[in-house]
file upload38.cif (mmCIF, C-alpha atoms)
data_start
#
loop_
_atom_site.label_atom_id
_atom_site.label_comp_id
_atom_site.auth_asym_id
_atom_site.auth_seq_id
_atom_site.Cartn_x
_atom_site.Cartn_y
_atom_site.Cartn_z
CA MET A 1 -158.68 152.18 78.13
CA HIS A 2 -158.55 148.52 77.09
CA GLU A 3 -162.27 148.75 76.35
CA LEU A 4 -161.40 150.42 73.03
CA SER A 5 -159.41 147.44 71.79
CA ILE A 6 -162.05 145.05 73.15
CA ALA A 7 -164.86 146.95 71.36
CA ASN A 8 -162.69 146.86 68.25
CA SER A 9 -162.33 143.07 68.55
CA VAL A 10 -166.10 142.71 68.94
CA VAL A 11 -166.70 144.71 65.75
CA GLU A 12 -164.00 142.75 63.88
CA ILE A 13 -165.38 139.34 64.93
CA CYS A 14 -169.01 140.30 64.11
CA ALA A 15 -168.12 141.80 60.72
CA GLU A 16 -166.17 138.67 59.83
CA GLN A 17 -168.90 136.26 60.95
CA ALA A 18 -171.62 138.26 59.18
CA GLN A 19 -169.96 137.46 55.82
CA GLY A 20 -171.14 140.60 54.09
CA ALA A 21 -174.55 140.89 55.77
CA ARG A 22 -175.45 143.92 57.86
CA VAL A 23 -175.33 143.35 61.62
CA THR A 24 -178.36 144.82 63.40
CA ARG A 25 -177.89 143.58 66.97
CA VAL A 26 -174.97 142.29 69.05
CA THR A 27 -175.34 140.61 72.45
CA LEU A 28 -172.31 140.52 74.73
CA GLU A 29 -171.78 138.77 78.04
CA ILE A 30 -169.49 140.68 80.39
CA GLY A 31 -168.71 139.30 83.83
CA GLN A 32 -168.60 141.72 86.74
CA LEU A 33 -165.09 140.46 87.62
CA SER A 34 -163.74 140.79 84.08
CA ALA A 35 -162.14 144.25 84.53
CA VAL A 36 -164.18 145.52 81.60
CA MET A 37 -166.73 148.32 82.08
CA PRO A 38 -169.95 147.86 80.09
CA ASP A 39 -170.45 151.64 79.86
CA ALA A 40 -167.00 152.11 78.35
CA ILE A 41 -167.72 149.31 75.85
CA ARG A 42 -170.99 151.04 74.85
CA PHE A 43 -169.11 154.29 74.41
CA CYS A 44 -166.43 152.69 72.21
CA PHE A 45 -168.69 150.33 70.27
CA ASP A 46 -170.37 152.99 68.11
CA VAL A 47 -167.02 154.61 67.33
CA CYS A 48 -165.45 151.28 66.33
CA ALA A 49 -168.52 150.20 64.32
CA LYS A 50 -168.54 153.31 62.16
CA ASP A 51 -168.04 152.55 58.46
CA THR A 52 -168.25 148.77 59.07
CA PRO A 53 -171.12 146.28 58.50
CA VAL A 54 -171.79 146.64 62.25
CA GLU A 55 -172.55 150.38 62.07
CA GLY A 56 -175.86 151.25 63.72
CA ALA A 57 -176.25 147.84 65.43
CA THR A 58 -177.98 147.74 68.81
CA LEU A 59 -175.65 146.61 71.58
CA ASP A 60 -177.09 144.45 74.38
CA ILE A 61 -174.86 143.63 77.34
CA ILE A 62 -175.65 140.83 79.80
CA GLU A 63 -173.73 141.36 83.03
CA THR A 64 -172.88 138.14 84.85
CA PRO A 65 -172.41 138.43 88.61
CA GLY A 66 -169.18 137.26 90.26
CA LYS A 67 -169.09 133.94 92.07
CA ALA A 68 -166.30 132.07 93.83
CA ARG A 69 -165.68 128.72 95.48
CA CYS A 70 -163.82 128.62 98.78
CA LEU A 71 -160.83 126.30 98.43
CA ALA A 72 -160.84 125.65 102.19
CA CYS A 73 -164.46 124.61 102.87
CA GLY A 74 -165.96 124.30 99.37
CA ALA A 75 -168.73 126.86 99.91
CA THR A 76 -169.89 129.07 97.04
CA LEU A 77 -170.09 132.82 97.60
CA ALA A 78 -171.05 135.93 95.63
CA LEU A 79 -168.31 138.49 94.89
CA ALA A 80 -168.37 142.08 93.60
CA VAL A 81 -164.54 142.32 93.40
CA PRO A 82 -162.10 139.56 92.40
CA PHE A 83 -161.14 138.77 96.02
CA GLY A 84 -162.93 138.35 99.34
CA GLN A 85 -163.34 136.24 102.45
CA CYS A 86 -165.47 133.14 102.95
CA ALA A 87 -167.66 132.78 106.07
CA CYS A 88 -165.15 130.11 107.22
CA GLY A 89 -162.43 132.78 107.32
CA SER A 90 -160.43 131.66 104.27
CA GLU A 91 -159.39 134.13 101.58
CA ASN A 92 -158.22 131.38 99.26
CA LEU A 93 -160.96 131.58 96.64
CA GLU A 94 -161.31 130.23 93.14
CA LEU A 95 -163.33 132.47 90.83
CA ILE A 96 -165.95 130.31 89.09
CA SER A 97 -168.08 132.96 87.38
CA GLY A 98 -167.97 136.64 86.52
CA GLN A 99 -164.87 136.66 84.30
CA GLN A 100 -166.80 136.08 81.06
CA LEU A 101 -165.97 138.25 78.07
CA LYS A 102 -167.98 136.82 75.23
CA ILE A 103 -170.06 137.59 72.17
CA ARG A 104 -173.20 135.53 72.81
CA GLN A 105 -175.06 136.18 69.58
CA MET A 106 -175.76 138.65 66.82
CA GLU A 107 -178.60 139.42 64.46
CA VAL A 108 -177.94 140.03 60.78
CA MET A 109 -180.14 141.33 57.97
CA MET B 1 -159.94 153.90 58.53
CA CYS B 2 -160.79 152.66 55.04
CA THR B 3 -164.34 153.75 54.24
CA THR B 4 -164.83 151.07 51.58
CA CYS B 5 -164.11 147.88 53.47
CA GLY B 6 -164.04 149.25 57.02
CA CYS B 7 -160.53 148.03 57.85
CA SER B 8 -159.08 149.99 60.70
CA GLY B 9 -155.57 151.35 61.12
CA THR B 10 -156.02 152.49 64.72
CA GLN B 11 -154.13 149.55 66.21
CA GLY B 12 -150.83 150.38 64.53
CA ALA B 13 -147.93 149.87 66.91
CA THR B 14 -144.36 150.59 65.87
CA VAL B 15 -141.49 148.17 66.47
CA THR B 16 -138.06 149.83 66.54
CA ASP B 17 -134.69 148.16 66.64
CA PRO B 18 -132.31 150.84 67.96
CA ASP B 19 -129.34 148.80 66.66
CA GLU B 20 -130.54 149.23 63.12
CA GLU B 21 -131.57 152.84 63.71
CA GLU B 22 -134.61 152.41 61.59
CA SER B 23 -138.28 152.40 62.35
CA VAL B 24 -140.16 149.44 60.99
CA GLN B 25 -143.89 149.91 60.66
CA THR B 26 -145.77 146.92 61.94
CA GLN B 27 -146.38 144.13 59.50
CA ALA B 28 -150.08 144.28 60.32
CA GLN B 29 -150.26 147.87 59.20
CA GLN B 30 -148.35 147.16 56.02
CA ARG B 31 -150.57 144.17 55.36
CA GLN B 32 -153.65 146.29 55.94
CA GLN B 33 -152.46 148.99 53.62
CA SER B 34 -151.34 146.72 50.81
CA GLY B 35 -154.36 144.47 51.44
CA THR B 36 -156.68 147.41 50.97
CA VAL B 37 -155.15 148.31 47.64
CA HIS B 38 -155.19 144.68 46.47
CA GLN B 39 -158.76 144.00 47.50
CA HIS B 40 -160.05 147.09 45.79
CA GLY B 41 -158.24 146.11 42.61
CA HIS B 42 -159.71 142.62 42.73
CA VAL B 43 -163.22 143.90 43.18
CA TYR B 44 -163.07 145.84 39.98
CA ARG B 45 -161.58 142.94 38.02
CA ARG B 46 -164.12 140.50 39.37
CA VAL B 47 -167.02 142.62 38.15
CA ASP B 48 -165.83 142.20 34.58
CA GLU B 49 -165.20 138.47 34.89
CA HIS B 50 -168.53 137.86 36.59
CA SER B 51 -170.56 139.45 33.82
CA ASP B 52 -169.46 136.62 31.51
CA GLU B 53 -169.84 133.74 33.89
CA HIS B 54 -173.05 134.67 35.66
CA ALA B 55 -175.34 133.86 32.72
CA HIS B 56 -174.29 130.21 32.88
CA GLY B 57 -174.58 129.92 36.64
CA HIS B 58 -178.09 131.31 36.90
CA THR B 59 -179.73 128.99 34.38
CA HIS B 60 -178.44 125.99 36.28
CA LEU B 61 -179.65 127.21 39.64
CA HIS B 62 -183.29 127.82 38.74
CA PRO B 63 -184.61 124.25 38.87
CA HIS B 64 -183.20 123.87 42.41
CA SER B 65 -185.06 126.84 43.80
CA HIS B 66 -188.54 125.49 43.05
CA PRO B 67 -188.89 123.06 45.98
CA HIS B 68 -188.07 125.92 48.37
CA GLU B 69 -191.08 127.90 47.30
CA HIS B 70 -193.33 125.17 48.67
CA GLU B 71 -191.75 125.53 52.09
CA HIS B 72 -192.55 129.21 52.12
CA GLU B 73 -196.24 128.48 51.77
CA HIS B 74 -196.10 126.40 54.94
CA GLU B 75 -194.56 129.25 56.88
CA HIS B 76 -197.39 131.55 55.86
CA ALA B 77 -199.89 129.10 57.33
CA TYR B 78 -198.15 129.43 60.71
CA ALA B 79 -198.17 133.18 60.56
CA HIS B 80 -201.97 133.23 60.27
CA VAL B 81 -202.56 131.26 63.51
CA PRO B 82 -204.00 133.90 65.86
CA GLY B 83 -202.92 134.62 69.43
CA GLN B 84 -199.60 132.75 69.38
CA PRO B 85 -196.44 134.77 70.11
CA ALA B 86 -194.31 132.52 67.91
CA ALA B 87 -196.57 133.17 64.94
CA LEU B 88 -196.49 136.90 65.60
CA ASP B 89 -192.71 136.75 65.66
CA ARG B 90 -192.66 135.07 62.28
CA ALA B 91 -195.01 137.64 60.82
CA HIS B 92 -192.65 140.34 62.11
CA THR B 93 -189.57 138.67 60.68
CA HIS B 94 -191.14 138.58 57.23
CA GLY B 95 -192.04 142.26 57.44
CA HIS B 96 -188.46 143.30 58.26
CA GLU B 97 -186.78 141.22 55.58
CA HIS B 98 -185.03 138.17 56.99
CA ARG B 99 -183.33 139.05 60.25
CA THR B 100 -181.33 136.05 61.32
CA SER B 101 -180.01 135.47 64.79
CA ILE B 102 -176.58 133.82 64.91
CA GLU B 103 -175.25 132.17 68.07
CA LEU B 104 -171.56 132.98 68.33
CA GLU B 105 -170.52 132.17 71.93
CA GLN B 106 -167.09 133.49 71.08
CA ASP B 107 -164.52 134.69 73.58
CA ILE B 108 -163.70 138.30 72.66
CA LEU B 109 -160.04 137.90 73.59
CA ALA B 110 -159.72 134.54 71.78
CA LYS B 111 -157.56 135.99 69.02
CA ASN B 112 -155.06 137.46 71.48
CA GLN B 113 -155.12 134.22 73.48
CA LEU B 114 -154.36 132.19 70.38
CA LEU B 115 -151.43 134.44 69.43
CA ALA B 116 -150.18 134.34 73.04
CA GLU B 117 -150.17 130.52 72.99
CA ARG B 118 -148.26 130.64 69.71
CA ASN B 119 -145.66 132.92 71.33
CA ARG B 120 -145.51 130.56 74.31
CA GLY B 121 -144.78 127.62 72.02
CA TRP B 122 -142.19 129.62 70.09
CA LEU B 123 -140.42 130.54 73.35
CA ALA B 124 -140.65 127.01 74.82
CA GLY B 125 -139.13 125.55 71.65
CA ARG B 126 -136.10 127.77 72.22
CA SER B 127 -135.94 127.20 76.00
CA ILE B 128 -136.44 130.93 76.56
CA LEU B 129 -137.92 132.36 79.76
CA ALA B 130 -140.15 135.37 79.02
CA VAL B 131 -141.21 137.59 81.91
CA ASN B 132 -143.89 140.29 81.66
CA LEU B 133 -142.94 143.23 83.92
CA MET B 134 -145.87 145.43 84.87
CA SER B 135 -146.33 148.44 87.15
CA SER B 136 -147.75 151.93 87.27
CA PRO B 137 -145.60 154.57 85.52
CA GLY B 138 -142.53 155.48 87.57
CA ALA B 139 -142.40 152.41 89.85
CA GLY B 140 -138.88 151.67 88.61
CA LYS B 141 -139.22 149.00 85.93
CA THR B 142 -136.43 150.35 83.73
CA THR B 143 -134.12 151.02 86.70
CA LEU B 144 -134.75 147.45 87.87
CA LEU B 145 -133.84 146.17 84.42
CA GLU B 146 -130.66 148.28 84.30
CA ARG B 147 -129.59 146.90 87.69
CA THR B 148 -130.44 143.32 86.68
CA ILE B 149 -128.45 143.60 83.45
CA ARG B 150 -125.46 145.07 85.35
CA ASP B 151 -125.52 142.41 88.10
CA VAL B 152 -126.34 139.18 86.23
CA GLY B 153 -126.12 140.05 82.53
CA GLN B 154 -122.70 138.35 82.27
CA THR B 155 -123.94 134.95 83.44
CA LEU B 156 -127.60 135.07 82.45
CA PRO B 157 -128.16 136.04 78.79
CA LEU B 158 -130.81 138.79 78.77
CA THR B 159 -132.66 140.66 76.05
CA VAL B 160 -135.40 143.25 76.48
CA ILE B 161 -138.64 144.29 74.76
CA GLU B 162 -139.59 147.80 75.88
CA GLY B 163 -143.22 148.92 75.67
CA ASP B 164 -144.19 152.60 75.84
CA GLN B 165 -146.76 154.77 74.16
CA ALA B 166 -144.00 156.95 72.71
CA THR B 167 -140.23 157.65 72.61
CA LEU B 168 -137.16 155.41 72.41
CA ASN B 169 -135.91 156.70 75.80
CA ASP B 170 -136.19 153.42 77.71
CA ALA B 171 -134.66 151.41 74.86
CA GLU B 172 -131.72 153.83 74.78
CA ARG B 173 -131.19 153.37 78.55
CA ILE B 174 -131.17 149.56 78.16
CA ARG B 175 -128.95 149.75 75.09
CA ALA B 176 -126.47 151.92 76.99
CA MET B 177 -126.07 148.91 79.36
CA GLY B 178 -124.86 146.86 76.38
CA CYS B 179 -128.05 144.84 76.20
CA ARG B 180 -129.95 143.90 73.03
CA VAL B 181 -133.31 145.70 73.07
CA ILE B 182 -136.39 146.31 70.90
CA GLN B 183 -138.75 149.22 71.50
CA ILE B 184 -142.47 148.86 70.84
CA ASN B 185 -144.39 152.14 70.75
CA THR B 186 -148.11 151.50 71.14
CA GLY B 187 -149.19 154.99 70.04
CA THR B 188 -152.56 155.44 71.75
CA GLY B 189 -152.58 151.85 73.07
CA CYS B 190 -152.40 151.41 76.84
CA HIS B 191 -150.95 147.88 76.88
CA LEU B 192 -148.87 145.42 74.88
CA ASP B 193 -150.69 142.55 73.18
CA ALA B 194 -149.60 139.15 71.88
CA ASP B 195 -149.36 140.30 68.28
CA MET B 196 -146.94 143.13 69.18
CA ILE B 197 -144.81 140.65 71.16
CA SER B 198 -144.81 138.22 68.25
CA ARG B 199 -143.41 140.93 65.97
CA GLY B 200 -141.05 142.15 68.69
CA LEU B 201 -139.64 138.62 69.17
CA MET B 202 -139.03 138.21 65.44
CA GLN B 203 -137.07 141.45 65.40
CA LEU B 204 -135.28 140.73 68.67
CA ASP B 205 -134.27 137.18 67.72
CA PRO B 206 -133.29 136.22 71.31
CA PRO B 207 -130.63 133.49 71.80
CA LEU B 208 -131.55 129.97 72.92
CA GLN B 209 -131.85 129.38 76.69
CA SER B 210 -131.94 133.12 77.41
CA VAL B 211 -134.29 135.42 79.32
CA VAL B 212 -136.56 137.92 77.54
CA MET B 213 -137.73 140.75 79.78
CA ILE B 214 -140.89 142.40 78.47
CA GLU B 215 -141.41 145.81 80.04
CA ASN B 216 -145.11 146.52 79.61
CA VAL B 217 -146.66 149.99 79.29
CA GLY B 218 -146.83 151.63 82.72
CA ASN B 219 -150.43 150.91 83.71
CA LEU B 220 -152.01 148.89 86.54
CA VAL B 221 -155.27 148.14 84.72
CA CYS B 222 -155.15 147.08 81.08
CA PRO B 223 -152.02 144.85 80.82
CA ALA B 224 -153.63 142.37 83.26
CA LEU B 225 -156.10 141.30 80.58
CA PHE B 226 -153.72 140.61 77.73
CA ASP B 227 -151.72 137.40 77.78
CA LEU B 228 -148.47 137.88 75.84
CA GLY B 229 -147.29 134.27 75.97
CA GLU B 230 -144.98 134.97 78.92
CA ARG B 231 -144.14 132.37 81.56
CA ALA B 232 -144.82 134.72 84.47
CA LYS B 233 -146.21 138.18 85.17
CA VAL B 234 -144.08 140.15 87.60
CA LEU B 235 -145.55 143.20 89.26
CA ILE B 236 -143.42 146.05 90.54
CA LEU B 237 -144.91 148.23 93.25
CA SER B 238 -142.86 151.02 94.80
CA VAL B 239 -143.15 152.24 98.37
CA THR B 240 -143.71 155.78 97.07
CA GLU B 241 -147.17 154.60 95.98
CA GLY B 242 -150.11 153.79 98.27
CA GLU B 243 -149.95 150.54 100.24
CA ASP B 244 -153.57 149.84 99.26
CA LYS B 245 -152.75 149.49 95.54
CA PRO B 246 -153.34 145.69 95.68
CA ILE B 247 -157.01 146.12 96.65
CA LYS B 248 -157.46 149.15 94.37
CA TYR B 249 -156.15 147.26 91.33
CA PRO B 250 -156.98 143.65 92.25
CA HIS B 251 -157.00 142.27 88.69
CA MET B 252 -153.34 143.09 88.19
CA PHE B 253 -152.24 141.67 91.54
CA ARG B 254 -154.32 138.54 91.00
CA ALA B 255 -152.78 137.91 87.58
CA SER B 256 -149.16 138.22 88.83
CA SER B 257 -147.08 135.45 90.35
CA LEU B 258 -144.40 137.71 91.86
CA MET B 259 -144.51 141.19 93.38
CA LEU B 260 -141.31 143.20 93.76
CA LEU B 261 -141.77 145.91 96.37
CA ASN B 262 -139.28 148.44 95.06
CA LYS B 263 -137.55 151.61 96.36
CA MET B 264 -137.15 150.10 99.85
CA ASP B 265 -134.20 152.49 100.39
CA LEU B 266 -136.71 155.37 100.53
CA LEU B 267 -138.81 153.75 103.26
CA PRO B 268 -137.36 155.81 106.17
CA HIS B 269 -138.68 158.99 104.50
CA LEU B 270 -142.20 157.70 103.89
CA ARG B 271 -145.31 156.63 105.78
CA PHE B 272 -145.67 153.38 103.82
CA ASP B 273 -146.89 150.39 105.89
CA VAL B 274 -145.06 147.38 104.38
CA ALA B 275 -146.90 144.76 106.49
CA ARG B 276 -150.27 146.14 105.49
CA CYS B 277 -149.29 146.24 101.80
CA VAL B 278 -148.13 142.59 101.94
CA ASP B 279 -151.37 141.67 103.71
CA TYR B 280 -153.48 143.37 101.01
CA ALA B 281 -151.51 141.66 98.24
CA ARG B 282 -152.02 138.21 99.84
CA ARG B 283 -155.73 138.90 100.33
CA VAL B 284 -156.10 139.47 96.59
CA ASN B 285 -153.69 136.69 95.60
CA PRO B 286 -152.83 134.20 98.38
CA SER B 287 -150.15 132.49 96.26
CA ILE B 288 -148.18 135.61 95.21
CA ASP B 289 -144.44 135.69 96.04
CA ILE B 290 -143.20 139.00 97.44
CA PHE B 291 -139.61 140.29 97.54
CA GLN B 292 -138.62 143.63 99.06
CA VAL B 293 -135.96 145.24 96.89
CA SER B 294 -134.20 148.45 95.95
CA ALA B 295 -133.10 148.61 92.35
CA GLU B 296 -131.13 151.75 93.25
CA THR B 297 -128.95 150.29 96.04
CA GLY B 298 -129.21 146.60 95.11
CA GLU B 299 -130.77 145.67 98.45
CA GLY B 300 -132.77 142.41 98.28
CA MET B 301 -132.06 141.92 94.58
CA ASP B 302 -130.41 138.51 95.09
CA ALA B 303 -133.82 136.94 95.78
CA TRP B 304 -135.06 138.30 92.43
CA TYR B 305 -131.99 136.93 90.62
CA ALA B 306 -132.46 133.53 92.27
CA TRP B 307 -136.13 133.55 91.17
CA LEU B 308 -135.07 134.38 87.60
CA ARG B 309 -132.45 131.58 87.51
CA ALA B 310 -134.87 129.04 89.00
CA HIS B 311 -137.54 129.89 86.41
CA ARG B 312 -135.00 129.92 83.58
CA ASP B 313 -133.76 126.44 84.63
CA VAL B 314 -137.33 125.13 84.41
CA CYS B 315 -137.49 126.37 80.80
CA CYS B 316 -134.22 124.70 79.77
#
call {"tool": "encode", "arguments": {"input": "upload38.cif", "output": "structure tokens"}}
result
Amino acid sequence: MHELSIANSVVEICAEQAQGARVTRVTLEIGQLSAVMPDAIRFCFDVCAKDTPVEGATLDIIETPGKARCLACGATLALAVPFGQCACGSENLELISGQQLKIRQMEVM
Amino acid sequence: MCTTCGCSGTQGATVTDPDEEESVQTQAQQRQQSGTVHQHGHVYRRVDEHSDEHAHGHTHLHPHSHPHEHEHEHEHAYAHVPGQPAALDRAHTHGHEHRTSIELEQDILAKNQLLAERNRGWLAGRSILAVNLMSSPGAGKTTLLERTIRDVGQTLPLTVIEGDQATLNDAERIRAMGCRVIQINTGTGCHLDADMISRGLMQLDPPLQSVVMIENVGNLVCPALFDLGERAKVLILSVTEGEDKPIKYPHMFRASSLMLLNKMDLLPHLRFDVARCVDYARRVNPSIDIFQVSAETGEGMDAWYAWLRAHRDVCC
């Protein structure tokens, strides 16, 4: 359950950046190929935020779809898992999107 | 968790040096505990000091605040413009008392990444090869280490960092081989992180130009995400598991540069399709190296030792 330590990091970073203010909203970007489940993050976030300046904050998660470039023919293709096959037959793919694990922004009061 | 400042003690891992027979609580935990006490003390002291100094500070600040009040009047004018969403937004913001949006664009794992790079530099400066061994529980990581220590420990200086949720069992097995070892118990944690390795390395104090084997917590999911500062991730898959593990746990197989297919001596008793497993692994990671080994009988282990020596020579 690495989502627990990731949710903990999110709370830590936001509390530090808020510099004493109360955090009311946090927006995360989680790629679909990042091996992190948004539902598990939601579940852990409230637990980790308890008794911190982030307690009670609304959590928004933007899920970025997976995308890869074929290293054989250069085509771009959509991926739901971190591997696949290009229409040209090659399985040698470079993941170009979908691995994001970021705090985009937060709202403080 | 401290209810005053919100600092959390849930990440406390324990680093144990079996040679010293003493359990050292992590520095982070000690820092958190002593930090909590210190901070609380300071807060109280500051309140007293502030009561004297504040009077001076406030009188000086007042003249500066006047020009700002003029700006506020302008903002009110905007809020009264009808039918514009932006103006409505402003009116709302005023009603809810200054909500400010802050763009962070910060990588959540940045802190671990930073610590991992620090470990990498520390290891490179000492010409040490660090290898992160990962597998599901029971794939034979510790047996593989025992065999490796027995076969090449005389010519290739090895030390070990053992990661488990609990017990010193694996460290005791490695220590019985005459090898220097540190045990990290992660408690509830399901993976090692760069901070634990940093503390483990300090305690281990590995010799120059040696090899540090990091045995991660048995888990095919979480360790893939956490860079420890190692030179290579090595995945151990045993033939007693399913041959479709590479496509079931693609993140782990994608992150690894070498896969050791272990327990090959048991193959005659199983319905494990080696060719299909290798095919799945290459689909997920076309550049992965694969060696078929048996840590029990020693079959195929020479390829693994040659890989270790080649990677160690690059570090020196």
call {"tool": "closest_atom_pairs", "arguments": {"input": "upload38.cif", "of": "chain B", "to": "chain A", "cutoff": "6 Å", "atoms": "only C-alpha atoms", "output": "CSV"}}
result
residue,atom,partner,partner_atom,distance
B:Thr3,CA,A:Asp51,CA,5.7
B:Gly6,CA,A:Thr52,CA,4.7
B:His98,CA,A:Met109,CA,5.9
B:Arg99,CA,A:Met109,CA,4.5
B:Thr100,CA,A:Val108,CA,5.3
B:Ser101,CA,A:Glu107,CA,4.2
B:Ile102,CA,A:Met106,CA,5.3
B:Glu103,CA,A:Gln105,CA,4.3
B:Leu104,CA,A:Gln105,CA,4.9
B:Glu105,CA,A:Arg104,CA,4.4
B:Gln106,CA,A:Ile103,CA,5.2
B:Asp107,CA,A:Lys102,CA,4.4
B:Ile108,CA,A:Lys102,CA,5.2
B:Cys222,CA,A:His2,CA,5.4
B:Val284,CA,A:Phe83,CA,5.1
call {"tool": "write_last_selection", "arguments": {"input": "upload38.cif", "atoms": "C-alpha atoms", "output": "short mmCIF file (atom, residue, chain, number, x, y, z; two decimals), in the coordinates of the input"}}
result
data_model
loop_
_atom_site.label_atom_id
_atom_site.label_comp_id
_atom_site.auth_asym_id
_atom_site.auth_seq_id
_atom_site.Cartn_x
_atom_site.Cartn_y
_atom_site.Cartn_z
CA THR B 3 -164.34 153.75 54.24
CA GLY B 6 -164.04 149.25 57.02
CA HIS B 98 -185.03 138.17 56.99
CA ARG B 99 -183.33 139.05 60.25
CA THR B 100 -181.33 136.05 61.32
CA SER B 101 -180.01 135.47 64.79
CA ILE B 102 -176.58 133.82 64.91
CA GLU B 103 -175.25 132.17 68.07
CA LEU B 104 -171.56 132.98 68.33
CA GLU B 105 -170.52 132.17 71.93
CA GLN B 106 -167.09 133.49 71.08
CA ASP B 107 -164.52 134.69 73.58
CA ILE B 108 -163.70 138.30 72.66
CA CYS B 222 -155.15 147.08 81.08
CA VAL B 284 -156.10 139.47 96.59
#
call {"tool": "resolve_selection", "arguments": {"input": "upload38.cif", "expression": "the PyMOL selection byres ((chain B and resi 190) around 12)", "output": "VMD selection string"}}
result
(chain A and resid 1 to 5) or (chain B and resid 11 13 134 136 to 137 163 to 166 184 to 189 191 to 193 216 to 226)
call {"tool": "residues_near_point", "arguments": {"input": "upload38.cif", "point": "(-126.2, 143.7, 75.6)", "cutoff": "8 Å", "atoms": "all atoms listed in the file", "output": "list of chain:residue names"}}
result
B:Gly153, B:Leu158, B:Thr159, B:Arg175, B:Met177, B:Gly178, B:Cys179, B:Arg180, B:Val181
call {"tool": "resolve_selection", "arguments": {"input": "upload38.cif", "expression": "the PyMOL selection byres ((chain B and resi 238-253) around 10)", "output": "short mmCIF file (atom, residue, chain, number, x, y, z; two decimals) with C-alpha atoms, in the frame of the given file"}}
result
data_model
loop_
_atom_site.label_atom_id
_atom_site.label_comp_id
_atom_site.auth_asym_id
_atom_site.auth_seq_id
_atom_site.Cartn_x
_atom_site.Cartn_y
_atom_site.Cartn_z
CA LEU A 33 -165.09 140.46 87.62
CA SER A 34 -163.74 140.79 84.08
CA ALA A 35 -162.14 144.25 84.53
CA VAL A 81 -164.54 142.32 93.40
CA PRO A 82 -162.10 139.56 92.40
CA PHE A 83 -161.14 138.77 96.02
CA MET B 134 -145.87 145.43 84.87
CA SER B 135 -146.33 148.44 87.15
CA SER B 136 -147.75 151.93 87.27
CA GLY B 138 -142.53 155.48 87.57
CA ALA B 139 -142.40 152.41 89.85
CA GLY B 140 -138.88 151.67 88.61
CA LYS B 141 -139.22 149.00 85.93
CA ASN B 219 -150.43 150.91 83.71
CA LEU B 220 -152.01 148.89 86.54
CA VAL B 221 -155.27 148.14 84.72
CA CYS B 222 -155.15 147.08 81.08
CA PRO B 223 -152.02 144.85 80.82
CA ALA B 224 -153.63 142.37 83.26
CA LEU B 225 -156.10 141.30 80.58
CA LYS B 233 -146.21 138.18 85.17
CA VAL B 234 -144.08 140.15 87.60
CA LEU B 235 -145.55 143.20 89.26
CA ILE B 236 -143.42 146.05 90.54
CA LEU B 237 -144.91 148.23 93.25
CA ARG B 254 -154.32 138.54 91.00
CA ALA B 255 -152.78 137.91 87.58
CA SER B 256 -149.16 138.22 88.83
CA SER B 257 -147.08 135.45 90.35
CA LEU B 258 -144.40 137.71 91.86
CA MET B 259 -144.51 141.19 93.38
CA LEU B 260 -141.31 143.20 93.76
CA LEU B 261 -141.77 145.91 96.37
CA ASN B 262 -139.28 148.44 95.06
CA LYS B 263 -137.55 151.61 96.36
CA MET B 264 -137.15 150.10 99.85
CA ASP B 265 -134.20 152.49 100.39
CA LEU B 266 -136.71 155.37 100.53
CA LEU B 267 -138.81 153.75 103.26
CA HIS B 269 -138.68 158.99 104.50
CA LEU B 270 -142.20 157.70 103.89
CA ARG B 271 -145.31 156.63 105.78
CA PHE B 272 -145.67 153.38 103.82
CA ASP B 273 -146.89 150.39 105.89
CA VAL B 274 -145.06 147.38 104.38
CA ALA B 275 -146.90 144.76 106.49
CA ARG B 276 -150.27 146.14 105.49
CA CYS B 277 -149.29 146.24 101.80
CA VAL B 278 -148.13 142.59 101.94
CA ASP B 279 -151.37 141.67 103.71
CA TYR B 280 -153.48 143.37 101.01
CA ALA B 281 -151.51 141.66 98.24
CA ARG B 282 -152.02 138.21 99.84
CA ARG B 283 -155.73 138.90 100.33
CA VAL B 284 -156.10 139.47 96.59
CA ASN B 285 -153.69 136.69 95.60
CA ILE B 288 -148.18 135.61 95.21
CA GLN B 292 -138.62 143.63 99.06
CA VAL B 293 -135.96 145.24 96.89
CA SER B 294 -134.20 148.45 95.95
#
call {"tool": "closest_residue", "arguments": {"input": "upload38.cif", "among": "A:Ile61, A:Ala80, A:Gly56, A:Cys70", "to": "A:Arg42", "atoms": "only C-alpha atoms"}}
result
A:Ile61
call {"tool": "atom_distance", "arguments": {"input": "upload38.cif", "atom1": "atom CA of B:Ile182", "atom2": "atom CA of B:Asp17"}}
result
4.9 Å
call {"tool": "residues_around", "arguments": {"input": "upload38.cif", "residues": "A:Ala78", "least_positions_apart": "6", "cutoff": "12 Å", "atoms": "all atoms listed in the file", "output": "ChimeraX atom specification"}}
result
/A:32-33,64-70,84-87,93-98
call {"tool": "atom_distance", "arguments": {"input": "upload38.cif", "atom1": "atom CA of A:Ile62", "atom2": "atom CA of B:Leu228"}}
result
27.6 Å
call {"tool": "resolve_selection", "arguments": {"input": "upload38.cif", "expression": "the PyMOL selection byres ((chain B and resi 303) around 10)", "output": "ChimeraX atom specification"}}
result
/B:260,290-293,299-302,304-309
call {"tool": "atom_distance", "arguments": {"input": "upload38.cif", "atom1": "atom CA of B:Cys316", "atom2": "atom CA of B:Arg126"}}
result
8.4 Å
call {"tool": "residues_around", "arguments": {"input": "upload38.cif", "residues": "stretch 203-215 of chain B", "least_positions_apart": "5", "cutoff": "6 Å", "atoms": "all atoms listed in the file", "output": "list in words"}}
result
Arg126, Ser127, Ile128, Leu129, Ala130, Val131, Asn132, Leu133, Pro157, Leu158, Thr159, Val160, Ile161, Glu162 and Gly163 of chain B
